[in-house]
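Asker: This is protein_8.cif, which holds mmCIF, C-alpha atoms:
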data_work
#
loop_
_atom_site.label_atom_id
_atom_site.label_comp_id
_atom_site.auth_asym_id
_atom_site.auth_seq_id
_atom_site.Cartn_x
_atom_site.Cartn_y
_atom_site.Cartn_z
CA MET A 1 111.61 92.53 122.58
CA ARG A 2 108.41 94.52 122.00
CA ARG A 3 105.11 92.59 121.62
CA LEU A 4 102.79 93.27 118.69
CA SER A 5 99.35 94.58 119.58
CA PRO A 6 96.42 92.42 118.40
CA ARG A 7 95.46 95.09 115.86
CA ALA A 8 99.00 95.26 114.42
CA ALA A 9 99.18 91.45 114.24
CA LEU A 10 95.85 91.28 112.38
CA LEU A 11 96.98 93.99 109.95
CA ALA A 12 100.27 92.15 109.28
CA ALA A 13 98.40 88.86 108.74
CA LEU A 14 95.99 90.58 106.35
CA ALA A 15 98.89 92.07 104.35
CA LEU A 16 100.61 88.67 104.17
CA PHE A 17 97.35 86.98 103.20
CA THR A 18 96.64 89.40 100.33
CA THR A 19 100.22 88.97 99.08
CA LEU A 20 100.05 85.16 99.13
CA ALA A 21 96.48 84.98 97.79
CA ARG A 22 97.32 86.96 94.66
CA PRO A 23 96.05 84.83 91.78
CA ALA A 24 98.04 83.92 88.70
CA PRO A 25 97.32 86.13 85.68
CA ALA A 26 94.00 85.14 84.17
CA ALA A 27 93.84 83.76 80.67
CA ALA A 28 91.61 85.60 78.23
CA ASP A 29 88.63 83.27 78.62
CA ALA A 30 84.98 83.79 79.45
CA GLY A 31 85.53 82.65 83.07
CA ALA A 32 87.80 85.53 84.09
CA LYS A 33 85.91 88.18 86.06
CA ILE A 34 88.45 90.97 86.16
CA TRP A 35 86.65 94.30 86.02
CA ASN A 36 83.57 93.14 84.18
CA GLN A 37 79.86 93.64 84.74
CA ASP A 38 79.04 90.02 85.71
CA ALA A 39 76.84 90.20 88.81
CA SER A 40 76.12 86.47 89.04
CA ASP A 41 77.86 86.14 92.42
CA HIS A 42 76.58 89.37 93.97
CA ASP A 43 73.74 87.70 95.85
CA PHE A 44 72.53 87.71 99.46
CA HIS A 45 75.20 86.49 101.87
CA ILE A 46 75.61 86.01 105.61
CA ASP A 47 78.88 86.82 107.42
CA PHE A 48 79.80 85.17 110.74
CA HIS A 49 82.70 86.99 112.43
CA ALA A 50 84.69 87.41 115.64
CA GLY A 51 87.42 89.82 116.65
CA PHE A 52 88.66 92.58 118.91
CA ALA A 53 86.39 95.44 119.99
CA VAL A 54 87.89 98.92 119.82
CA PHE A 55 85.42 100.27 122.36
CA GLY A 56 86.29 99.06 125.83
CA ARG A 57 89.21 96.83 124.76
CA GLY A 58 87.27 93.62 124.55
CA VAL A 59 86.02 91.04 122.10
CA ALA A 60 83.11 91.02 119.66
CA ALA A 61 81.31 88.33 117.67
CA GLY A 62 78.28 88.46 115.48
CA VAL A 63 76.48 87.96 112.22
CA ARG A 64 75.79 90.26 109.25
CA PHE A 65 73.03 89.88 106.68
CA ASN A 66 74.16 91.50 103.41
CA ILE A 67 71.25 92.36 101.11
CA PRO A 68 72.20 93.39 97.55
CA LEU A 69 70.60 96.74 96.64
CA VAL A 70 72.56 97.45 93.43
CA LYS A 71 73.95 94.15 92.06
CA LYS A 72 75.79 95.76 89.14
CA GLY A 73 77.14 98.58 91.27
CA PHE A 74 77.56 102.26 90.55
CA LEU A 75 80.70 102.11 88.37
CA ARG A 76 79.72 101.45 84.79
CA GLY A 77 81.82 98.74 83.18
CA HIS A 78 83.33 97.59 86.49
CA ASN A 79 82.58 94.67 88.76
CA ASP A 80 81.15 96.20 91.94
CA ALA A 81 78.02 95.82 94.07
CA PHE A 82 76.27 97.81 96.78
CA TYR A 83 74.67 96.10 99.80
CA LEU A 84 72.65 97.02 102.87
CA SER A 85 74.24 95.15 105.77
CA LEU A 86 72.18 94.49 108.92
CA GLY A 87 73.59 92.66 111.90
CA VAL A 88 73.65 91.62 115.53
CA ASP A 89 76.90 91.73 117.50
CA SER A 90 77.70 90.59 121.03
CA TYR A 91 80.47 92.30 122.99
CA TRP A 92 82.46 91.49 126.10
CA VAL A 93 83.94 94.90 126.84
CA ARG A 94 85.46 97.03 129.54
CA TYR A 95 83.21 99.86 130.68
CA TRP A 96 82.87 102.44 133.44
CA GLY A 97 80.16 101.40 135.85
CA GLY A 98 79.11 98.93 138.48
CA PRO A 99 78.22 99.65 142.10
CA ASP A 100 81.74 100.94 142.83
CA ARG A 101 81.79 103.20 139.71
CA ARG A 102 85.01 101.72 138.36
CA TYR A 103 86.11 99.96 135.18
CA GLU A 104 84.89 96.39 134.83
CA TYR A 105 83.98 93.99 132.04
CA GLY A 106 80.46 93.17 130.93
CA PHE A 107 78.24 91.87 128.14
CA GLY A 108 76.78 94.28 125.56
CA VAL A 109 74.83 93.96 122.30
CA GLY A 110 75.09 96.03 119.12
CA PHE A 111 72.87 96.34 116.06
CA PRO A 112 74.89 97.63 113.07
CA VAL A 113 73.21 99.05 109.96
CA VAL A 114 75.78 99.87 107.27
CA ALA A 115 76.21 100.59 103.58
CA HIS A 116 78.61 98.01 102.14
CA TRP A 117 80.28 98.70 98.76
CA GLU A 118 82.28 95.79 97.36
CA PHE A 119 84.78 95.79 94.47
CA TYR A 120 85.41 92.41 92.79
CA LEU A 121 88.94 92.71 91.45
CA TRP A 122 89.54 89.04 90.61
CA GLU A 123 87.31 86.02 90.51
CA LYS A 124 88.19 85.01 94.08
CA LEU A 125 89.31 88.28 95.70
CA SER A 126 87.34 91.42 96.48
CA PHE A 127 87.74 94.49 98.67
CA PHE A 128 85.00 96.48 100.39
CA GLY A 129 84.30 99.55 102.45
CA GLU A 130 81.53 100.04 105.00
CA VAL A 131 80.02 103.05 106.73
CA GLY A 132 76.92 103.31 108.91
CA GLY A 133 75.68 103.28 112.47
CA ASN A 134 75.56 100.87 115.40
CA VAL A 135 72.99 101.06 118.20
CA PHE A 136 74.67 99.70 121.33
CA LEU A 137 73.05 98.27 124.46
CA HIS A 138 75.60 98.99 127.16
CA PRO A 139 76.60 96.34 129.76
CA GLY A 140 74.89 98.52 132.38
CA VAL A 141 71.53 97.79 130.72
CA PHE A 142 71.95 94.08 131.41
CA ARG A 143 73.15 94.65 134.98
CA ASP A 144 70.26 97.00 135.80
CA GLU A 145 72.60 99.79 136.92
CA GLY A 146 70.21 102.55 135.94
CA ASP A 147 72.59 105.42 135.15
CA PHE A 148 75.03 104.44 132.42
CA VAL A 149 75.30 107.74 130.56
CA ASP A 150 79.12 107.65 130.78
CA GLU A 151 79.25 105.58 127.59
CA PRO A 152 77.61 106.22 124.20
CA GLY A 153 74.57 104.25 123.03
CA ALA A 154 75.30 104.64 119.31
CA TRP A 155 78.45 104.72 117.21
CA VAL A 156 79.54 105.46 113.70
CA VAL A 157 80.69 102.26 111.97
CA GLY A 158 83.55 102.39 109.49
CA ALA A 159 85.56 99.51 108.08
CA ALA A 160 87.64 98.32 105.16
CA GLY A 161 87.89 94.66 104.36
CA VAL A 162 88.85 91.85 102.05
CA ARG A 163 86.93 88.76 100.95
CA TRP A 164 88.62 85.64 99.51
CA ARG A 165 86.34 82.98 97.99
CA PHE A 166 87.37 79.42 98.74
CA SER A 167 84.32 77.85 97.04
CA ASP A 168 81.27 78.76 94.97
CA ARG A 169 79.25 79.57 98.11
CA GLY A 170 81.87 80.29 100.79
CA SER A 171 84.54 82.88 101.51
CA PHE A 172 86.84 84.17 104.24
CA VAL A 173 86.23 87.76 105.34
CA ALA A 174 88.50 90.15 107.27
CA ARG A 175 87.54 93.66 108.47
CA LEU A 176 89.69 96.43 109.89
CA GLY A 177 87.70 99.24 111.45
CA THR A 178 85.51 100.41 114.26
CA PRO A 179 83.79 99.34 116.54
CA TYR A 180 85.72 96.09 115.96
CA THR A 181 88.34 94.40 113.79
CA SER A 182 87.34 90.88 112.82
CA ILE A 183 87.81 87.76 110.72
CA GLY A 184 85.10 85.34 109.70
CA ILE A 185 83.34 83.21 107.12
CA SER A 186 80.70 84.29 104.62
CA LEU A 187 78.05 82.02 103.09
CA MET A 188 76.34 83.07 99.83
CA PHE A 189 72.77 82.14 98.89
#
Please render this file's structure as structure tokens.
Answerer:
Amino acid sequence: MRRLSPRAALLAALALFTTLARPAPAAADAGAKIWNQDASDHDFHIDFHAGFAVFGRGVAAGVRFNIPLVKKGFLRGHNDAFYLSLGVDSYWVRYWGGPDRRYEYGFGVGFPVVAHWEFYLWEKLSFFGEVGGNVFLHPGVFRDEGDFVDEPGAWVVGAAGVRWRFSDRGSFVARLGTPYTSIGISLMF
């Protein structure tokens, strides 16, 4: 029997989650937020996440600070918002280096800066896309190996994700993309 890769397992779990989390049809009341211009919940939020790093087949964990730039979004008459997302990520990844010039694992740090566009489809469920850059401090920097030009020091960040609100100020977040695929919790302020 063939084993599922971590990425395929996360994608299958995300598909199952979105299927099961589909809300019942909303009644026509003032509380339903399906495709409206209500930006009351498009405030500053912090995401804590962990997952699998694409670069170097390792793990990543970090925090994102999402600052709302356009609370009512760019699509007139729709419920969307545009954020600047700044973060700090820690990585435990495989890289080419060390005294023997071979593959080994080490600690790295990344600083992502991304544009985050979120679409609020239902009151508790939203989808988003992200694109930006990530400055990466390679494990060789922390091991004082001098020459570590074999690996890039900056990446393009791209991700698609889903956010499910479980309370007024908290939500679960899942991202599928690069340089990592992750799940986490978001707190809104």
Asker: Measure the distance from atom CA of A:Ala115 to atom CA of A:Leu84 in Å and round it to one decimal.
Answerer: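 Computing it gives 5.1 Å between the two atoms.
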Asker: When the PyMOL selection byres ((chain A and resi 132) around 7) is applied to the file above, which residues end up in the set, as a list of chain:residue names?
Answerer: A:Val113, A:Val114, A:Ala115, A:Glu130, A:Val131, A:Gly133, A:Val156, A:Val157, A:Gly158
Asker: Point out the residue among A:Arg94, A:Asn79, A:Val135, A:Gly140 with the least atom-to-atom distance to A:Phe55, counting only C-alpha atoms.
Answerer: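 Selected residue with least distance to A:Phe55: A:Arg94.
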Asker: Provide the atom CA of A:Leu69 to atom CA of A:Tyr83 distance in Å, to one decimal place.
Answerer: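 Separation between atom CA of A:Leu69 and atom CA of A:Tyr83: 5.2 Å.
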Asker: Nearest to A:Phe107: which of A:Asp80, A:Asp47, A:Asp89, A:Asp168 is it, counting all atoms listed in the file?
Answerer: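 Smallest separation from A:Phe107 among the options: A:Asp89.
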Asker: May I ask which of the residues A:Gly77, A:Pro179, A:Gly62, A:Pro68 is the closest one to A:Ala154, counting all atoms listed in the file?
Answerer: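 For A:Ala154, the nearest of the given residues is A:Pro179.
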Asker: Please compute the atom CA of A:Ala53-atom CA of A:Tyr120 distance, one decimal, in Å.
Answerer: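 Straight-line distance from atom CA of A:Ala53 to atom CA of A:Tyr120 works out to 27.4 Å.
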Asker: I'd like the contact shell of A:Tyr91 - 9 Å cut-off, only C-alpha atoms, skipping same-chain residues fewer than 6 positions apart - returned as a list in words.
Answerer: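 Residues meeting the cut-off are Ala53, Gly58, Val59, Ala60, Ala61, Gly62, Gly106, Phe107, Gly108, Val109, Gly110 and Pro139 of chain A.
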Asker: Hey, what's within 6 Å of A:Ile183 if we count only C-alpha atoms and toss same-chain stuff fewer than 2 positions away? As a PDB file with C-alpha atoms, keeping the file's coordinate frame, please?
Answerer:
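File written: out.pdb
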ATOM      1  CA  HIS A  49      82.700  86.990 112.430  1.00  0.00           C
ATOM      2  CA  ALA A  50      84.690  87.410 115.640  1.00  0.00           C
ATOM      3  CA  VAL A 173      86.230  87.760 105.340  1.00  0.00           C
ATOM      4  CA  ALA A 174      88.500  90.150 107.270  1.00  0.00           C
TER       5      ALA A 174
END
Asker: Measuring atom to atom with all atoms listed in the file, identify which of A:Asp43, A:Phe74, A:Val88, A:Phe128 is nearest to A:Met188.
Answerer: A:Asp43
